[in-house]
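Colleague: Handing over my_file_31.cif, mmCIF, C-alpha atoms and all ligand atoms.
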```cif
data_target
loop_
_atom_site.label_atom_id
_atom_site.label_comp_id
_atom_site.auth_asym_id
_atom_site.auth_seq_id
_atom_site.Cartn_x
_atom_site.Cartn_y
_atom_site.Cartn_z
CA MET R 73 0.00 0.00 0.00
CA ALA R 74 1.23 3.47 -0.73
CA GLU R 75 0.58 7.16 -0.43
CA ILE R 76 -0.06 8.45 -3.94
CA ARG R 77 1.00 11.96 -4.84
CA LEU R 78 0.25 13.72 -8.12
CA GLN R 79 2.61 16.64 -8.52
CA SER R 80 1.89 19.41 -11.08
CA LEU R 81 0.23 16.67 -13.10
CA ALA R 82 -1.48 17.35 -16.44
CA HIS R 83 -2.07 15.51 -19.66
CA ALA R 84 -2.66 16.34 -23.32
CA TYR R 85 -2.97 13.40 -25.70
CA SER R 86 -1.28 15.32 -28.52
CA PRO R 87 1.75 17.60 -28.02
CA GLY R 88 0.54 21.17 -27.56
CA GLY R 89 -3.10 19.98 -27.82
CA ALA R 90 -5.94 20.61 -25.38
CA TYR R 91 -5.63 19.21 -21.87
CA ALA R 92 -7.60 16.00 -21.25
CA LEU R 93 -6.48 16.56 -17.66
CA LYS R 94 -5.78 20.10 -16.49
CA PRO R 95 -2.87 20.80 -14.11
CA LEU R 96 -3.59 19.49 -10.62
CA GLU R 97 -2.02 18.65 -7.25
CA MET R 98 -3.29 15.74 -5.20
CA THR R 99 -2.15 13.61 -2.28
CA TRP R 100 -3.96 10.42 -1.31
CA ARG R 101 -3.14 8.78 1.98
CA SER R 102 -1.88 5.21 2.14
CA GLY R 103 -4.80 2.91 2.86
CA GLY R 104 -7.45 5.49 1.91
CA THR R 105 -10.53 5.06 -0.27
CA TYR R 106 -11.01 7.58 -3.08
CA ALA R 107 -13.50 8.03 -5.90
CA LEU R 108 -13.08 9.96 -9.15
CA LEU R 109 -16.57 11.17 -10.02
CA GLY R 110 -17.73 12.95 -13.14
CA PRO R 111 -19.55 12.63 -16.44
CA SER R 112 -18.21 10.61 -19.36
CA GLY R 113 -15.19 12.23 -21.02
CA CYS R 114 -14.16 14.39 -18.03
CA GLY R 115 -10.74 12.74 -17.65
CA LYS R 116 -11.29 10.06 -15.00
CA SER R 117 -9.70 7.18 -16.92
CA THR R 118 -6.89 9.47 -18.03
CA MET R 119 -6.03 10.20 -14.38
CA LEU R 120 -6.35 6.55 -13.35
CA ASN R 121 -4.20 5.30 -16.24
CA ILE R 122 -1.51 7.82 -15.36
CA ILE R 123 -1.49 6.52 -11.78
CA SER R 124 -1.34 2.90 -12.91
CA GLY R 125 1.40 3.55 -15.47
CA LEU R 126 -0.63 2.67 -18.57
CA LEU R 127 -0.26 6.29 -19.64
CA ARG R 128 2.71 8.62 -19.25
CA PRO R 129 1.63 12.16 -18.30
CA SER R 130 2.68 14.98 -20.61
CA GLU R 131 3.45 17.10 -17.51
CA GLY R 132 4.23 16.48 -13.88
CA ARG R 133 5.14 13.52 -11.70
CA VAL R 134 3.53 10.58 -9.91
CA LEU R 135 5.02 9.69 -6.52
CA PHE R 136 4.34 6.53 -4.50
CA ASP R 137 5.47 7.02 -0.90
CA GLY R 138 7.65 9.86 -2.07
CA ARG R 139 9.34 7.82 -4.80
CA ASP R 140 9.05 9.09 -8.38
CA VAL R 141 7.35 6.31 -10.39
CA THR R 142 6.43 8.43 -13.44
CA GLY R 143 8.70 6.40 -15.72
CA LEU R 144 7.80 2.98 -14.29
CA SER R 145 5.47 0.39 -15.83
CA THR R 146 2.30 -0.87 -14.15
CA GLY R 147 4.09 -4.05 -13.10
CA GLN R 148 7.00 -2.14 -11.58
CA ARG R 149 4.55 0.04 -9.67
CA ASN R 150 2.79 -2.98 -8.17
CA ILE R 151 -0.64 -1.78 -9.14
CA ALA R 152 -3.74 -3.89 -9.62
CA GLN R 153 -6.23 -2.40 -12.06
CA VAL R 154 -9.79 -3.57 -12.71
CA PHE R 155 -11.62 -2.36 -15.83
CA GLN R 156 -15.24 -1.88 -16.84
CA VAL R 157 -15.10 -4.94 -19.07
CA PRO R 158 -13.81 -7.94 -17.11
CA VAL R 159 -10.41 -9.18 -18.20
CA ILE R 160 -10.24 -12.94 -17.75
CA TYR R 161 -8.31 -15.80 -19.31
CA ARG R 162 -11.11 -17.75 -20.93
CA SER R 163 -9.19 -20.98 -21.33
CA MET R 164 -8.37 -21.18 -17.60
CA THR R 165 -10.50 -22.18 -14.63
CA VAL R 166 -11.59 -19.61 -12.05
CA GLY R 167 -8.89 -20.86 -9.68
CA GLN R 168 -6.17 -20.58 -12.34
CA ASN R 169 -7.32 -17.07 -13.21
CA LEU R 170 -7.13 -15.99 -9.59
CA GLY R 171 -3.73 -17.57 -9.05
CA PHE R 172 -2.18 -16.27 -12.27
CA PRO R 173 -0.55 -13.09 -10.87
CA LEU R 174 1.11 -15.21 -8.18
CA VAL R 175 2.26 -17.86 -10.68
CA CYS R 176 3.85 -15.03 -12.68
CA ARG R 177 5.72 -13.97 -9.56
CA GLY R 178 6.94 -17.51 -8.95
CA LEU R 179 5.28 -18.11 -5.60
CA PRO R 180 5.26 -21.73 -4.31
CA GLY R 181 2.12 -23.74 -5.17
CA GLY R 182 1.00 -24.16 -1.58
CA ARG R 183 1.00 -20.43 -0.92
CA ILE R 184 -0.81 -19.74 -4.17
CA ARG R 185 -3.55 -22.25 -3.31
CA ALA R 186 -4.04 -20.82 0.17
CA ARG R 187 -4.24 -17.27 -1.10
CA VAL R 188 -6.58 -18.17 -3.98
CA GLU R 189 -8.91 -19.98 -1.58
CA ALA R 190 -8.96 -17.04 0.84
CA VAL R 191 -9.79 -14.53 -1.93
CA ALA R 192 -12.37 -16.86 -3.52
CA GLU R 193 -14.04 -17.27 -0.13
CA ARG R 194 -14.20 -13.51 0.35
CA LEU R 195 -15.78 -12.95 -3.07
CA GLY R 196 -18.19 -15.87 -2.95
CA LEU R 197 -16.27 -17.65 -5.71
CA ALA R 198 -15.19 -20.68 -3.65
CA PRO R 199 -17.77 -23.08 -5.18
CA LEU R 200 -16.70 -22.01 -8.69
CA LEU R 201 -12.92 -22.50 -8.43
CA LYS R 202 -12.84 -25.48 -10.81
CA ARG R 203 -15.30 -23.98 -13.30
CA PRO R 204 -13.96 -22.83 -16.69
CA ALA R 205 -13.90 -19.02 -16.61
CA ASN R 206 -15.72 -18.69 -19.94
CA ALA R 207 -18.78 -20.41 -18.42
CA LEU R 208 -19.31 -17.60 -15.90
CA THR R 209 -21.93 -14.82 -15.93
CA ALA R 210 -20.78 -11.21 -16.51
CA ASP R 211 -21.05 -10.53 -12.73
CA GLN R 212 -18.93 -13.54 -11.87
CA LYS R 213 -16.32 -12.65 -14.48
CA GLN R 214 -15.97 -9.21 -12.93
CA LEU R 215 -15.55 -10.82 -9.50
CA VAL R 216 -12.73 -12.92 -10.94
CA SER R 217 -11.10 -9.77 -12.39
CA LEU R 218 -11.34 -8.13 -9.03
CA GLY R 219 -10.06 -11.26 -7.28
CA ARG R 220 -6.94 -11.21 -9.45
CA GLY R 221 -6.29 -7.71 -8.15
CA LEU R 222 -6.76 -8.79 -4.55
CA VAL R 223 -4.76 -12.00 -4.63
CA ARG R 224 -1.41 -10.25 -4.37
CA GLU R 225 -0.61 -9.13 -0.86
CA ASP R 226 2.01 -6.62 -1.94
CA VAL R 227 0.00 -4.27 -4.16
CA ALA R 228 0.56 -0.54 -3.72
CA ALA R 229 -3.01 0.26 -4.74
CA ILE R 230 -6.09 -1.19 -6.39
CA LEU R 231 -7.47 1.03 -9.16
CA LEU R 232 -11.00 0.33 -10.33
CA ASP R 233 -12.30 1.92 -13.54
CA GLU R 234 -16.12 1.73 -13.50
CA PRO R 235 -15.94 -1.94 -12.49
CA LEU R 236 -19.53 -2.08 -11.29
CA THR R 237 -21.16 -0.99 -14.56
CA VAL R 238 -21.71 -4.56 -15.74
CA ILE R 239 -22.82 -5.78 -12.31
CA ASP R 240 -26.50 -6.05 -11.41
CA PRO R 241 -27.75 -3.58 -8.77
CA GLN R 242 -28.10 -6.09 -5.92
CA MET R 243 -24.63 -7.44 -6.53
CA LYS R 244 -23.22 -3.90 -6.78
CA PHE R 245 -24.23 -3.20 -3.22
CA GLN R 246 -22.61 -6.38 -2.02
CA LEU R 247 -19.45 -5.80 -3.99
CA ARG R 248 -19.03 -2.29 -2.64
CA ARG R 249 -19.29 -3.71 0.85
CA ILE R 250 -16.68 -6.36 0.05
CA LEU R 251 -14.31 -3.70 -1.30
CA LYS R 252 -14.66 -1.68 1.88
CA GLU R 253 -14.08 -4.76 4.05
CA ILE R 254 -10.94 -5.60 2.11
CA ASN R 255 -9.74 -2.01 2.44
CA ALA R 256 -10.32 -2.08 6.20
CA GLU R 257 -8.66 -5.46 6.64
CA PHE R 258 -5.59 -5.08 4.40
CA GLY R 259 -5.28 -1.31 4.35
CA VAL R 260 -4.76 -1.23 0.60
CA THR R 261 -5.24 2.17 -1.09
CA MET R 262 -8.27 2.04 -3.40
CA VAL R 263 -9.30 4.45 -6.15
CA LEU R 264 -12.68 3.92 -7.79
CA VAL R 265 -13.71 5.65 -11.00
CA THR R 266 -17.45 6.14 -11.41
CA HIS R 267 -20.03 8.47 -12.94
CA ASP R 268 -22.53 7.41 -10.26
CA GLN R 269 -22.66 9.82 -7.30
CA THR R 270 -24.23 7.24 -4.96
CA GLU R 271 -21.47 4.79 -5.70
CA ALA R 272 -18.79 7.43 -5.09
CA MET R 273 -20.38 8.82 -1.92
CA THR R 274 -20.99 5.39 -0.32
CA PHE R 275 -17.57 4.01 -1.21
CA ALA R 276 -15.02 6.74 -0.68
CA GLU R 277 -13.72 8.76 2.25
CA GLU R 278 -12.80 11.43 -0.28
CA VAL R 279 -14.57 12.09 -3.57
CA ILE R 280 -12.77 13.96 -6.36
CA VAL R 281 -15.41 15.68 -8.51
CA MET R 282 -14.23 16.26 -12.07
CA ASN R 283 -15.63 18.17 -15.03
CA HIS R 284 -14.07 18.99 -18.42
CA GLY R 285 -10.65 17.67 -17.38
CA GLU R 286 -10.58 19.70 -14.18
CA VAL R 287 -10.77 18.72 -10.52
CA VAL R 288 -13.64 20.90 -9.37
CA GLN R 289 -13.68 19.82 -5.72
CA ALA R 290 -12.10 17.12 -3.58
CA GLY R 291 -13.64 16.44 -0.22
CA SER R 292 -15.51 14.06 2.05
CA PRO R 293 -19.05 13.12 1.01
CA ALA R 294 -20.34 15.39 3.80
CA GLU R 295 -18.26 18.38 2.60
CA LEU R 296 -19.47 17.94 -0.97
CA PHE R 297 -23.02 17.81 0.23
CA GLU R 298 -22.82 20.67 2.74
CA ARG R 299 -20.51 23.07 0.93
CA PRO R 300 -20.41 22.45 -2.82
CA ALA R 301 -17.54 24.54 -4.20
CA THR R 302 -19.34 25.32 -7.46
CA HIS R 303 -22.80 25.23 -9.03
CA HIS R 304 -21.65 22.15 -10.91
CA VAL R 305 -20.97 20.22 -7.70
CA GLY R 306 -24.25 21.43 -6.18
CA ARG R 307 -26.10 20.07 -9.18
CA PHE R 308 -24.06 16.92 -9.72
CA ILE R 309 -24.12 15.78 -6.09
CA GLY R 310 -27.42 15.27 -4.33
CA SER R 311 -30.82 14.33 -5.67
CA PRO R 312 -32.66 16.48 -6.42
CA ALA R 313 -29.94 19.01 -7.17
CA MET R 314 -29.19 22.03 -4.98
CA ASN R 315 -31.59 24.97 -5.44
CA PHE R 316 -30.07 28.18 -6.84
CA LEU R 317 -31.75 31.59 -6.83
CA PRO R 318 -30.35 34.85 -8.26
CA ALA R 319 -29.26 37.29 -5.56
CA THR R 320 -28.15 40.91 -5.45
CA GLN R 321 -25.95 42.96 -3.16
CA GLU R 322 -27.07 46.28 -1.72
CA GLY R 323 -25.31 48.21 1.03
CA GLY R 324 -23.61 45.35 2.81
CA GLN R 325 -26.59 43.02 2.47
CA VAL R 326 -27.25 40.24 0.00
CA THR R 327 -30.92 39.94 -0.84
CA VAL R 328 -32.80 37.43 -2.94
CA PRO R 329 -35.49 39.13 -5.02
CA GLY R 330 -38.96 37.69 -4.51
CA THR R 331 -38.07 36.25 -1.09
CA GLY R 332 -37.61 37.52 2.44
CA LEU R 333 -34.02 36.27 2.45
CA THR R 334 -31.14 38.54 3.36
CA LEU R 335 -27.68 37.78 4.59
CA PRO R 336 -24.66 39.92 5.35
CA ALA R 337 -22.46 40.37 2.30
CA PRO R 338 -19.03 38.82 2.85
CA ALA R 339 -16.07 41.16 2.74
CA ALA R 340 -14.41 41.50 -0.66
CA LEU R 341 -17.24 39.98 -2.63
CA PRO R 342 -16.09 39.46 -6.23
CA GLU R 343 -17.88 41.32 -9.03
CA GLY R 344 -20.36 39.30 -11.03
CA GLN R 345 -23.53 37.30 -10.96
CA LEU R 346 -24.53 36.24 -7.42
CA THR R 347 -26.63 33.21 -6.57
CA LEU R 348 -27.88 31.76 -3.36
CA GLY R 349 -27.83 27.98 -3.00
CA PHE R 350 -29.57 25.63 -0.58
CA ARG R 351 -30.20 21.90 -0.53
CA PRO R 352 -33.73 20.47 -0.86
CA GLU R 353 -32.95 18.62 2.40
CA HIS R 354 -32.15 21.83 4.30
CA ALA R 355 -35.63 23.31 4.19
CA GLN R 356 -39.10 22.48 5.42
CA LEU R 357 -42.41 22.99 3.75
CA ALA R 358 -45.20 24.76 5.62
CA ARG R 359 -48.75 25.77 4.74
CA GLN R 360 -47.74 29.39 5.21
CA GLY R 361 -44.88 31.55 6.47
CA GLY R 362 -41.24 30.80 5.79
CA GLN R 363 -38.75 32.93 3.91
CA ILE R 364 -39.93 31.92 0.43
CA GLY R 365 -43.48 31.39 -0.81
CA GLY R 366 -44.78 29.71 -3.94
CA THR R 367 -47.31 27.37 -5.50
CA ILE R 368 -46.70 23.65 -5.53
CA THR R 369 -46.58 22.43 -9.12
CA ARG R 370 -45.58 18.79 -8.66
CA ILE R 371 -45.03 16.26 -5.94
CA TRP R 372 -43.16 13.04 -6.53
CA PHE R 373 -42.76 10.00 -4.40
CA GLU R 374 -39.41 8.78 -3.08
CA GLY R 375 -40.15 6.04 -0.56
CA THR R 376 -40.42 7.55 2.90
CA ASP R 377 -39.89 11.03 1.41
CA GLU R 378 -41.60 13.11 -1.18
CA ILE R 379 -40.16 15.90 -3.29
CA ALA R 380 -42.28 19.01 -3.77
CA ALA R 381 -41.56 21.43 -6.61
CA LEU R 382 -42.63 25.05 -6.07
CA ALA R 383 -43.05 27.58 -8.82
CA HIS R 384 -41.30 30.80 -7.87
CA PRO R 385 -40.57 33.85 -10.04
CA ALA R 386 -36.86 33.22 -9.53
CA GLY R 387 -37.10 29.59 -10.68
CA GLU R 388 -38.35 26.20 -9.56
CA ILE R 389 -37.54 25.28 -5.96
CA ARG R 390 -37.45 21.68 -4.77
CA ILE R 391 -37.89 20.58 -1.19
CA ARG R 392 -37.51 17.10 0.29
CA ALA R 393 -40.11 16.41 2.95
CA PRO R 394 -41.41 13.35 4.81
CA ALA R 395 -44.06 11.57 2.70
CA GLY R 396 -47.70 12.07 3.56
CA GLY R 397 -47.41 15.77 4.45
CA GLY R 398 -50.82 16.39 2.90
CA MET R 399 -49.57 18.95 0.36
CA ALA R 400 -50.93 18.78 -3.17
CA PRO R 401 -50.23 20.46 -6.50
CA GLY R 402 -52.01 23.83 -6.60
CA ASN R 403 -51.51 24.49 -2.86
CA THR R 404 -49.57 27.55 -1.85
CA ALA R 405 -46.75 26.78 0.56
CA GLY R 406 -43.90 28.42 2.43
CA VAL R 407 -40.29 27.29 2.60
CA LEU R 408 -38.54 27.43 5.98
CA LEU R 409 -34.78 27.33 5.59
CA ARG R 410 -32.63 25.65 8.20
CA ASP R 411 -30.11 27.87 9.98
CA GLY R 412 -26.70 27.69 8.38
CA ALA R 413 -28.07 26.16 5.18
CA LEU R 414 -27.49 29.12 2.89
CA ARG R 415 -24.51 29.21 0.52
CA LEU R 416 -23.53 32.17 -1.59
CA TYR R 417 -21.98 31.82 -5.05
CA SER R 418 -20.34 34.41 -7.26
CA ASN R 419 -19.91 33.44 -10.92
CA GLY R 420 -20.79 29.87 -9.93
CA ARG R 421 -18.10 29.62 -7.23
CA LEU R 422 -18.71 29.38 -3.49
CA VAL R 423 -17.87 32.58 -1.59
CA ALA R 424 -19.71 32.09 1.71
P1 LIG J 501 -13.63 9.51 -18.70
O1 LIG J 501 -12.90 8.30 -18.24
O2 LIG J 501 -13.95 10.46 -17.61
O3 LIG J 501 -14.86 9.15 -19.48
P2 LIG J 501 -11.31 9.94 -20.40
O4 LIG J 501 -10.19 10.13 -19.44
O5 LIG J 501 -11.41 8.61 -21.05
O6 LIG J 501 -12.68 10.34 -19.70
O7 LIG J 501 -11.20 11.03 -21.56
C1 LIG J 501 -10.93 12.38 -21.30
C2 LIG J 501 -10.77 13.10 -22.64
O8 LIG J 501 -9.64 12.64 -23.32
C3 LIG J 501 -11.95 12.90 -23.58
O9 LIG J 501 -12.18 14.10 -24.27
C4 LIG J 501 -11.46 11.83 -24.52
O10 LIG J 501 -12.08 11.93 -25.78
C5 LIG J 501 -9.98 12.11 -24.60
N1 LIG J 501 -9.20 10.86 -24.81
C6 LIG J 501 -9.25 9.75 -24.07
N2 LIG J 501 -8.40 8.81 -24.52
C7 LIG J 501 -7.77 9.36 -25.58
C8 LIG J 501 -6.77 8.91 -26.48
N3 LIG J 501 -6.21 7.70 -26.36
N4 LIG J 501 -6.37 9.76 -27.46
C9 LIG J 501 -6.90 10.99 -27.58
N5 LIG J 501 -7.86 11.47 -26.78
C10 LIG J 501 -8.29 10.68 -25.78
MG MG J 502 -13.41 6.26 -18.45
#
```
Let me see whether you can do it: turn the structure in this file into structure tokens.
Ligand code: ADP
Ligand code: MG

Modeller:
Amino acid sequence: MAEIRLQSLAHAYSPGGAYALKPLEMTWRSGGTYALLGPSGCGKSTMLNIISGLLRPSEGRVLFDGRDVTGLSTGQRNIAQVFQVPVIYRSMTVGQNLGFPLVCRGLPGGRIRARVEAVAERLGLAPLLKRPANALTADQKQLVSLGRGLVREDVAAILLDEPLTVIDPQMKFQLRRILKEINAEFGVTMVLVTHDQTEAMTFAEEVIVMNHGEVVQAGSPAELFERPATHHVGRFIGSPAMNFLPATQEGGQVTVPGTGLTLPAPAALPEGQLTLGFRPEHAQLARQGGQIGGTITRIWFEGTDEIAALAHPAGEIRIRAPAGGGMAPGNTAGVLLRDGALRLYSNGRLVA
């Protein structure tokens, strides 16, 4: 296991071309769990492949425990990587697939068997060890791919590039739990690439939100939820997205037209378009009163909760409330904001 440091790292696929990954600095602790989260094409695989050694960055360095590994191959870095499409040796059994990385390293047969059995047990593959790998379902093949990453006890990190995409939803949940157990037990650094916010937020201690080749925010799931650094993060994380209303500054006060909301303007507020943001979870719906009023246009069901949408001159506002609140479309309602729930953005960036 290793601390991974990305130093002045950037990547353009063609010399002098546009950055697929814009310059960034990052340090990931040894034994930590991280997720790279963002839409397709934002640079997640580029970053992961640079860490694994499949891709050499056009700028900057990769350090494992302080050692420069930028010029080293994946094998020399001791990295296990799992891809979206399972990589298995079809002509081998499940057991042979799992043991292959250890055979390559010349470990004695007895140790290989013991290790393969332990990993197979952990992944629920024990009954399948003698099965030919090509007879497996897509889920099981991905478990074998993952198992090959776990079988080595000396890996610096396990890098997973959307490995759960082919897995059915029930199995996904179980697999995420297994990954976390393995992380806790062996302390191996894990980096998971995903475009699924739930997957990222439930797996990782730190989520790196990316957009257009840029790291927009890196933080704990709670930080991303409570203090999104940009509009993009506020919209990308959380469901429904964060509410944003246009705001204006007048004489040391920020006000939100069409509402009773005011807050003290922070010192040195940048010029530009101001918006106020708050989470649908950080407000309550009332028959009357509150700082914002509007007419309910839609209510949709989400298990024990419901989401109410309110029409407001400044834009639609969504509130998450316990189900069965008795509100209906056409009702007028008030929104009561929780103390400390208001965030202020200037040009889409958090200022207070
Ligand atoms: P993600 O994994 O987030 O979907 P990628 O890292 O694969 O994104 O891609 C980031 C950007 O780099 C995209 O614009 C993609 O088209 C481009 N890209 C990826 N791989 C290559 C490549 N081998 N050559 C040129 N451009 C690439
Ligand atoms: Mg990718």

Colleague: Counting all atoms listed in the file, what residues are within 9 Å of ligand LIG 501 (chain J), given as a ChimeraX atom specification?

Modeller: /R:83-86,91-93,108-121,233-234,265-267,282-285

Colleague: So, counting all atoms listed in the file, which residue among R:Pro235, R:Gly219, R:Pro394, R:Ser163 is closest to ligand MG 502 (chain J)?

Modeller: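 Ranked by minimum distance to ligand MG 502 (chain J), first place goes to R:Pro235.
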
Colleague: Which residues, written as an NGL selection string, have at least one atom at most 12 Å from Gly349 of chain R, with all atoms listed in the file counted and residues fewer than 2 positions away on the same chain left out?

Modeller: :R and (297-307 or 313-319 or 328 or 333 or 346-347 or 351-355 or 389-390 or 409 or 412-418 or 420-424)

Colleague: Quick one: distance from atom CA of Ser311 of chain R to atom CA of Gln156 of chain R in Å, one decimal?

Modeller: 25.1 Å

Colleague: With only C-alpha atoms and all ligand atoms as the basis for distance, which of R:Val227, R:Ala192, R:Ala205, R:Leu264 is at the shortest distance from ligand MG 502 (chain J)?

Modeller: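 Distance minimum relative to ligand MG 502 (chain J) lands on R:Leu264.
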
Colleague: Pick the closest to Met98 of chain R from R:Thr334, R:Asn403, R:Gln289, R:Gln153: which is it, counting all atoms listed in the file?

Modeller: R:Gln289

Colleague: What does the structure give for the distance between atom CA of Arg187 of chain R and atom CA of Pro241 of chain R, in Å to one decimal?

Modeller: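 Answer for the atom CA of Arg187 of chain R to atom CA of Pro241 of chain R separation: 28.3 Å.
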
Colleague: List as number ranges by chain the protein and nucleic acid residues near Arg177 of chain R, meaning an atom at most 12 Å away when all atoms listed in the file are counted, but skip any in the same chain fewer than 2 places from it.

Modeller: R: 147, 150, 171-175, 179-181, 183-184, 223-226

Colleague: Quick one: of R:Ile364, R:Leu96, R:Val407, R:Leu232, who's nearest to Ile151 of chain R, counting all atoms listed in the file?

Modeller: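 Under the stated criterion, the closest residue is R:Leu232.
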
Colleague: Have a look at R:Ala207, R:Thr237, R:Met73, R:Gly132 and name the one nearest to ligand MG 502 (chain J); count all atoms listed in the file.

Modeller: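 Using all atoms listed in the file, ligand MG 502 (chain J) sits closest to R:Thr237.
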
Colleague: Please measure the separation of atom CA of Thr404 of chain R and atom CA of Ile379 of chain R, giving the value in Å to one decimal.

Modeller: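 Result for atom CA of Thr404 of chain R versus atom CA of Ile379 of chain R: 15.0 Å, one decimal.
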
Colleague: Fewer than 2 positions away in the same chain doesn't count, so skip those; otherwise give me all residues within 9 Å of Gly143 of chain R, counting all atoms listed in the file, as an MDAnalysis selection string.

Modeller: chainID R and resid 125 128 133:134 140:141 145

Colleague: Name the closest residue to Asp411 of chain R among the candidates R:Ala256, R:Leu335, R:Leu215, R:Ala383; distances are taken between atoms, counting all atoms listed in the file.

Modeller: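 Result for the nearest residue to Asp411 of chain R: R:Leu335.
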
Colleague: In file coordinates, which residues lie within 12 Å of (-14.9, 11.5, 4.4) using only C-alpha atoms, given as a list in words?

Modeller: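 Applying the cut-off with only C-alpha atoms, one gets Gly104, Thr105, Tyr106, Ala107, Ala272, Met273, Thr274, Phe275, Ala276, Glu277, Glu278, Val279, Ile280, Ala290, Gly291, Ser292, Pro293, Ala294, Glu295, Leu296 and Phe297 of chain R.
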
Colleague: If I put a ball of radius 12 Å at (-15.9, 42.1, 2.1) in the file's coordinates, which residues poke into it when counting all atoms listed in the file, written as a ChimeraX atom specification?

Modeller: /R:321,323-326,336-343,423-424

Colleague: Can you take the partial segment 226-242 of chain R, add N, CA and C atoms, and return it as a CSV table (one decimal), in the frame of the given file?

Modeller:
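Writing the result to result12.csv gives the following:
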```csv
chain,number,residue,atom,x,y,z
R,226,ASP,N,1.0,-7.7,-2.0
R,226,ASP,CA,2.0,-6.6,-1.9
R,226,ASP,C,1.6,-5.4,-2.8
R,227,VAL,N,0.3,-5.4,-3.2
R,227,VAL,CA,0.0,-4.3,-4.2
R,227,VAL,C,0.0,-2.9,-3.5
R,228,ALA,N,0.5,-1.9,-4.2
R,228,ALA,CA,0.6,-0.5,-3.7
R,228,ALA,C,-0.8,0.1,-3.7
R,229,ALA,N,-1.7,-0.3,-4.7
R,229,ALA,CA,-3.0,0.3,-4.7
R,229,ALA,C,-3.9,-0.6,-5.7
R,230,ILE,N,-5.2,-0.6,-5.4
R,230,ILE,CA,-6.1,-1.2,-6.4
R,230,ILE,C,-6.9,-0.1,-7.1
R,231,LEU,N,-6.8,0.0,-8.4
R,231,LEU,CA,-7.5,1.0,-9.2
R,231,LEU,C,-8.6,0.4,-9.9
R,232,LEU,N,-9.8,1.0,-9.8
R,232,LEU,CA,-11.0,0.3,-10.3
R,232,LEU,C,-11.7,1.3,-11.3
R,233,ASP,N,-11.7,1.0,-12.6
R,233,ASP,CA,-12.3,1.9,-13.5
R,233,ASP,C,-13.7,1.5,-13.9
R,234,GLU,N,-14.7,2.1,-13.3
R,234,GLU,CA,-16.1,1.7,-13.5
R,234,GLU,C,-16.4,0.2,-13.5
R,235,PRO,N,-15.9,-0.5,-12.5
R,235,PRO,CA,-15.9,-1.9,-12.5
R,235,PRO,C,-17.3,-2.5,-12.2
R,236,LEU,N,-18.2,-1.6,-11.7
R,236,LEU,CA,-19.5,-2.1,-11.3
R,236,LEU,C,-20.6,-1.9,-12.4
R,237,THR,N,-20.2,-1.3,-13.5
R,237,THR,CA,-21.2,-1.0,-14.6
R,237,THR,C,-21.9,-2.3,-15.1
R,238,VAL,N,-21.1,-3.3,-15.2
R,238,VAL,CA,-21.7,-4.6,-15.7
R,238,VAL,C,-22.4,-5.4,-14.7
R,239,ILE,N,-22.3,-5.0,-13.4
R,239,ILE,CA,-22.8,-5.8,-12.3
R,239,ILE,C,-24.3,-5.4,-12.0
R,240,ASP,N,-25.1,-6.4,-11.7
R,240,ASP,CA,-26.5,-6.0,-11.4
R,240,ASP,C,-26.6,-5.3,-10.1
R,241,PRO,N,-27.7,-4.5,-9.9
R,241,PRO,CA,-27.8,-3.6,-8.8
R,241,PRO,C,-27.6,-4.2,-7.4
R,242,GLN,N,-28.2,-5.4,-7.2
R,242,GLN,CA,-28.1,-6.1,-5.9
R,242,GLN,C,-26.7,-6.5,-5.6
```
